[in-house]
Amino acid sequence: MPVVELHTGAYHDAGLAGDEAGVARQLEALRKGAKEAASLGLEVHAGHGLTYTNVGAIAAIPEIVELQIGHFLIGEAVFTGLDIAVKQMRAIMDRARGMS
């Protein structure tokens, strides 16, 4: 199946800047993009700048089937260990999808 990856960097950057309106705009654009891509038969992935604090809203987008979070997880693993970092991220994603 063809795949498209939505770049979440602008969403991340808006959050870092404390720009709530920008976060909302970026999130809406990502939602629309994911829906459109899925309607065209594309598998939707997303990533870049996703962290524990901002991944939930992205994981909640039902059309997104894969998140690119490895860079963040490896960085966290330096401090907490990979098992803990992965379990914490997975718990956040599962809550966002209503799975826990």
# chains A, B, ... in the order shown; residues from 1 in each chain; ligands from 1
call {"tool": "select_by_dssp", "arguments": {"residues": "chain A", "states": "alpha helix (DSSP H)", "output": "MDAnalysis selection string"}}
result
chainID A and resid 9:16 20:39 55:59 70:80 82:96
call {"tool": "residues_around", "arguments": {"residues": "region 58-68 of chain A", "least_positions_apart": "5", "cutoff": "8 Å", "atoms": "only C-alpha atoms", "output": "list in words"}}
result
Leu27, Arg31, Ala34, Lys35, Ala38, Glu43, Val44, His45, Ala46, Gly47, His48, Leu50, Met93, Ala96 and Arg97 of chain A
call {"tool": "select_by_dssp", "arguments": {"residues": "chain A", "states": "strand (DSSP E)", "output": "PyMOL selection string"}}
result
chain A and resi 3-7+43-47+64-68
call {"tool": "write_last_selection", "arguments": {"atoms": "N, CA, C and O atoms", "output": "compact mmCIF listing (two decimals), in the first residue's frame"}}
result
# COMPACT_ATOMS: atom_id res chain seq x y z
N VAL A 3 2.20 4.87 0.96
CA VAL A 3 2.23 5.53 2.27
C VAL A 3 2.56 7.01 2.10
O VAL A 3 3.36 7.38 1.23
N VAL A 4 1.98 7.83 2.94
CA VAL A 4 2.35 9.23 3.04
C VAL A 4 2.66 9.52 4.50
O VAL A 4 2.02 8.96 5.40
N GLU A 5 3.67 10.36 4.75
CA GLU A 5 3.98 10.76 6.12
C GLU A 5 3.71 12.24 6.27
O GLU A 5 4.25 13.06 5.52
N LEU A 6 2.89 12.56 7.23
CA LEU A 6 2.61 13.96 7.55
C LEU A 6 3.69 14.47 8.50
O LEU A 6 4.00 13.83 9.50
N HIS A 7 4.24 15.62 8.17
CA HIS A 7 5.31 16.21 8.98
C HIS A 7 4.68 17.02 10.11
O HIS A 7 3.95 17.97 9.86
N GLU A 43 -1.85 4.90 3.11
CA GLU A 43 -1.63 4.63 4.53
C GLU A 43 -0.96 5.87 5.11
O GLU A 43 0.00 6.38 4.53
N VAL A 44 -1.45 6.35 6.24
CA VAL A 44 -0.98 7.62 6.79
C VAL A 44 -0.08 7.39 7.99
O VAL A 44 -0.46 6.74 8.96
N HIS A 45 1.11 7.98 7.91
CA HIS A 45 2.07 8.00 9.01
C HIS A 45 2.28 9.47 9.38
O HIS A 45 1.97 10.37 8.61
N ALA A 46 2.84 9.71 10.56
CA ALA A 46 3.13 11.08 10.99
C ALA A 46 4.33 11.08 11.91
O ALA A 46 4.57 10.11 12.63
N GLY A 47 5.05 12.17 11.90
CA GLY A 47 6.18 12.28 12.81
C GLY A 47 6.98 13.55 12.63
O GLY A 47 6.73 14.33 11.71
N ILE A 64 -4.28 7.97 11.11
CA ILE A 64 -2.84 7.79 11.26
C ILE A 64 -2.59 6.41 11.86
O ILE A 64 -3.07 6.09 12.94
N VAL A 65 -1.83 5.60 11.15
CA VAL A 65 -1.59 4.22 11.58
C VAL A 65 -0.17 3.99 12.10
O VAL A 65 0.10 2.94 12.67
N GLU A 66 0.71 4.95 11.91
CA GLU A 66 2.08 4.79 12.40
C GLU A 66 2.65 6.15 12.76
O GLU A 66 2.43 7.13 12.04
N LEU A 67 3.37 6.19 13.87
CA LEU A 67 4.03 7.42 14.31
C LEU A 67 5.54 7.22 14.30
O LEU A 67 6.04 6.18 14.73
N GLN A 68 6.24 8.24 13.84
CA GLN A 68 7.71 8.22 13.82
C GLN A 68 8.18 8.89 15.12
O GLN A 68 8.22 10.11 15.21
call {"tool": "closest_residue", "arguments": {"among": "A:Ala17, A:Met1, A:Lys87, A:His12", "to": "Gly41 (chain A)", "atoms": "only C-alpha atoms"}}
result
A:Met1
call {"tool": "decode", "arguments": {"residues": "region 2-43 of chain A", "atoms": "N, CA and C atoms", "output": "mmCIF file, in the first residue's frame"}}
result
data_model
loop_
_atom_site.group_PDB
_atom_site.id
_atom_site.type_symbol
_atom_site.label_atom_id
_atom_site.label_comp_id
_atom_site.auth_asym_id
_atom_site.auth_seq_id
_atom_site.Cartn_x
_atom_site.Cartn_y
_atom_site.Cartn_z
ATOM 1 N N PRO A 2 0.571 2.232 -0.817
ATOM 2 C CA PRO A 2 1.319 3.494 -0.799
ATOM 3 C C PRO A 2 1.150 4.207 0.545
ATOM 4 N N VAL A 3 2.202 4.874 0.961
ATOM 5 C CA VAL A 3 2.227 5.533 2.273
ATOM 6 C C VAL A 3 2.564 7.006 2.095
ATOM 7 N N VAL A 4 1.978 7.829 2.942
ATOM 8 C CA VAL A 4 2.350 9.233 3.036
ATOM 9 C C VAL A 4 2.661 9.524 4.503
ATOM 10 N N GLU A 5 3.668 10.358 4.746
ATOM 11 C CA GLU A 5 3.978 10.755 6.118
ATOM 12 C C GLU A 5 3.713 12.245 6.272
ATOM 13 N N LEU A 6 2.893 12.565 7.229
ATOM 14 C CA LEU A 6 2.608 13.957 7.549
ATOM 15 C C LEU A 6 3.686 14.471 8.495
ATOM 16 N N HIS A 7 4.243 15.617 8.171
ATOM 17 C CA HIS A 7 5.311 16.210 8.979
ATOM 18 C C HIS A 7 4.682 17.022 10.108
ATOM 19 N N THR A 8 4.953 16.637 11.337
ATOM 20 C CA THR A 8 4.344 17.285 12.506
ATOM 21 C C THR A 8 5.254 18.340 13.131
ATOM 22 N N GLY A 9 6.302 18.725 12.431
ATOM 23 C CA GLY A 9 7.253 19.693 12.977
ATOM 24 C C GLY A 9 6.646 21.048 13.288
ATOM 25 N N ALA A 10 5.803 21.577 12.415
ATOM 26 C CA ALA A 10 5.192 22.885 12.668
ATOM 27 C C ALA A 10 4.252 22.823 13.876
ATOM 28 N N TYR A 11 3.558 21.706 14.031
ATOM 29 C CA TYR A 11 2.712 21.482 15.214
ATOM 30 C C TYR A 11 3.563 21.520 16.479
ATOM 31 N N HIS A 12 4.676 20.806 16.460
ATOM 32 C CA HIS A 12 5.604 20.790 17.590
ATOM 33 C C HIS A 12 6.141 22.191 17.883
ATOM 34 N N ASP A 13 6.584 22.877 16.827
ATOM 35 C CA ASP A 13 7.171 24.206 17.004
ATOM 36 C C ASP A 13 6.169 25.201 17.582
ATOM 37 N N ALA A 14 4.919 25.127 17.141
ATOM 38 C CA ALA A 14 3.891 26.020 17.682
ATOM 39 C C ALA A 14 3.703 25.771 19.172
ATOM 40 N N GLY A 15 3.734 24.513 19.568
ATOM 41 C CA GLY A 15 3.617 24.183 20.989
ATOM 42 C C GLY A 15 4.788 24.711 21.792
ATOM 43 N N LEU A 16 5.992 24.571 21.258
ATOM 44 C CA LEU A 16 7.173 25.090 21.953
ATOM 45 C C LEU A 16 7.103 26.596 22.138
ATOM 46 N N ALA A 17 6.525 27.270 21.154
ATOM 47 C CA ALA A 17 6.412 28.727 21.209
ATOM 48 C C ALA A 17 5.253 29.188 22.091
ATOM 49 N N GLY A 18 4.455 28.240 22.588
ATOM 50 C CA GLY A 18 3.296 28.605 23.401
ATOM 51 C C GLY A 18 2.179 29.211 22.581
ATOM 52 N N ASP A 19 2.177 28.956 21.282
ATOM 53 C CA ASP A 19 1.189 29.500 20.357
ATOM 54 C C ASP A 19 0.000 28.548 20.262
ATOM 55 N N GLU A 20 -0.953 28.696 21.179
ATOM 56 C CA GLU A 20 -2.101 27.788 21.218
ATOM 57 C C GLU A 20 -2.922 27.839 19.940
ATOM 58 N N ALA A 21 -3.087 29.019 19.365
ATOM 59 C CA ALA A 21 -3.827 29.138 18.111
ATOM 60 C C ALA A 21 -3.074 28.422 16.993
ATOM 61 N N GLY A 22 -1.764 28.546 16.991
ATOM 62 C CA GLY A 22 -0.949 27.860 15.995
ATOM 63 C C GLY A 22 -1.027 26.352 16.142
ATOM 64 N N VAL A 23 -1.020 25.874 17.388
ATOM 65 C CA VAL A 23 -1.165 24.431 17.637
ATOM 66 C C VAL A 23 -2.500 23.958 17.077
ATOM 67 N N ALA A 24 -3.553 24.695 17.359
ATOM 68 C CA ALA A 24 -4.888 24.314 16.881
ATOM 69 C C ALA A 24 -4.943 24.309 15.352
ATOM 70 N N ARG A 25 -4.342 25.318 14.715
ATOM 71 C CA ARG A 25 -4.326 25.378 13.246
ATOM 72 C C ARG A 25 -3.556 24.202 12.655
ATOM 73 N N GLN A 26 -2.393 23.927 13.224
ATOM 74 C CA GLN A 26 -1.577 22.825 12.720
ATOM 75 C C GLN A 26 -2.275 21.484 12.923
ATOM 76 N N LEU A 27 -2.890 21.321 14.071
ATOM 77 C CA LEU A 27 -3.592 20.074 14.357
ATOM 78 C C LEU A 27 -4.757 19.869 13.391
ATOM 79 N N GLU A 28 -5.489 20.930 13.115
ATOM 80 C CA GLU A 28 -6.600 20.830 12.162
ATOM 81 C C GLU A 28 -6.082 20.498 10.761
ATOM 82 N N ALA A 29 -4.982 21.099 10.360
ATOM 83 C CA ALA A 29 -4.396 20.795 9.049
ATOM 84 C C ALA A 29 -3.964 19.330 8.985
ATOM 85 N N LEU A 30 -3.395 18.822 10.068
ATOM 86 C CA LEU A 30 -2.984 17.416 10.109
ATOM 87 C C LEU A 30 -4.193 16.490 10.050
ATOM 88 N N ARG A 31 -5.249 16.842 10.754
ATOM 89 C CA ARG A 31 -6.474 16.035 10.704
ATOM 90 C C ARG A 31 -7.042 15.987 9.285
ATOM 91 N N LYS A 32 -7.126 17.167 8.663
ATOM 92 C CA LYS A 32 -7.655 17.225 7.297
ATOM 93 C C LYS A 32 -6.755 16.462 6.328
ATOM 94 N N GLY A 33 -5.459 16.635 6.474
ATOM 95 C CA GLY A 33 -4.522 15.944 5.599
ATOM 96 C C GLY A 33 -4.611 14.438 5.748
ATOM 97 N N ALA A 34 -4.719 13.966 6.971
ATOM 98 C CA ALA A 34 -4.826 12.525 7.222
ATOM 99 C C ALA A 34 -6.103 11.970 6.614
ATOM 100 N N LYS A 35 -7.193 12.693 6.786
ATOM 101 C CA LYS A 35 -8.479 12.240 6.242
ATOM 102 C C LYS A 35 -8.429 12.197 4.716
ATOM 103 N N GLU A 36 -7.889 13.230 4.116
ATOM 104 C CA GLU A 36 -7.788 13.281 2.655
ATOM 105 C C GLU A 36 -6.881 12.176 2.126
ATOM 106 N N ALA A 37 -5.727 11.992 2.753
ATOM 107 C CA ALA A 37 -4.794 10.949 2.311
ATOM 108 C C ALA A 37 -5.438 9.568 2.400
ATOM 109 N N ALA A 38 -6.113 9.304 3.508
ATOM 110 C CA ALA A 38 -6.767 8.002 3.677
ATOM 111 C C ALA A 38 -7.864 7.812 2.626
ATOM 112 N N SER A 39 -8.583 8.876 2.311
ATOM 113 C CA SER A 39 -9.650 8.774 1.306
ATOM 114 C C SER A 39 -9.094 8.464 -0.081
ATOM 115 N N LEU A 40 -7.817 8.767 -0.293
ATOM 116 C CA LEU A 40 -7.156 8.477 -1.569
ATOM 117 C C LEU A 40 -6.502 7.097 -1.578
ATOM 118 N N GLY A 41 -6.681 6.367 -0.468
ATOM 119 C CA GLY A 41 -6.124 5.020 -0.384
ATOM 120 C C GLY A 41 -4.699 4.952 0.111
ATOM 121 N N LEU A 42 -4.219 6.023 0.696
ATOM 122 C CA LEU A 42 -2.865 6.048 1.237
ATOM 123 C C LEU A 42 -2.862 5.637 2.704
ATOM 124 N N GLU A 43 -1.853 4.900 3.112
ATOM 125 C CA GLU A 43 -1.631 4.628 4.531
ATOM 126 C C GLU A 43 -0.965 5.867 5.111
#
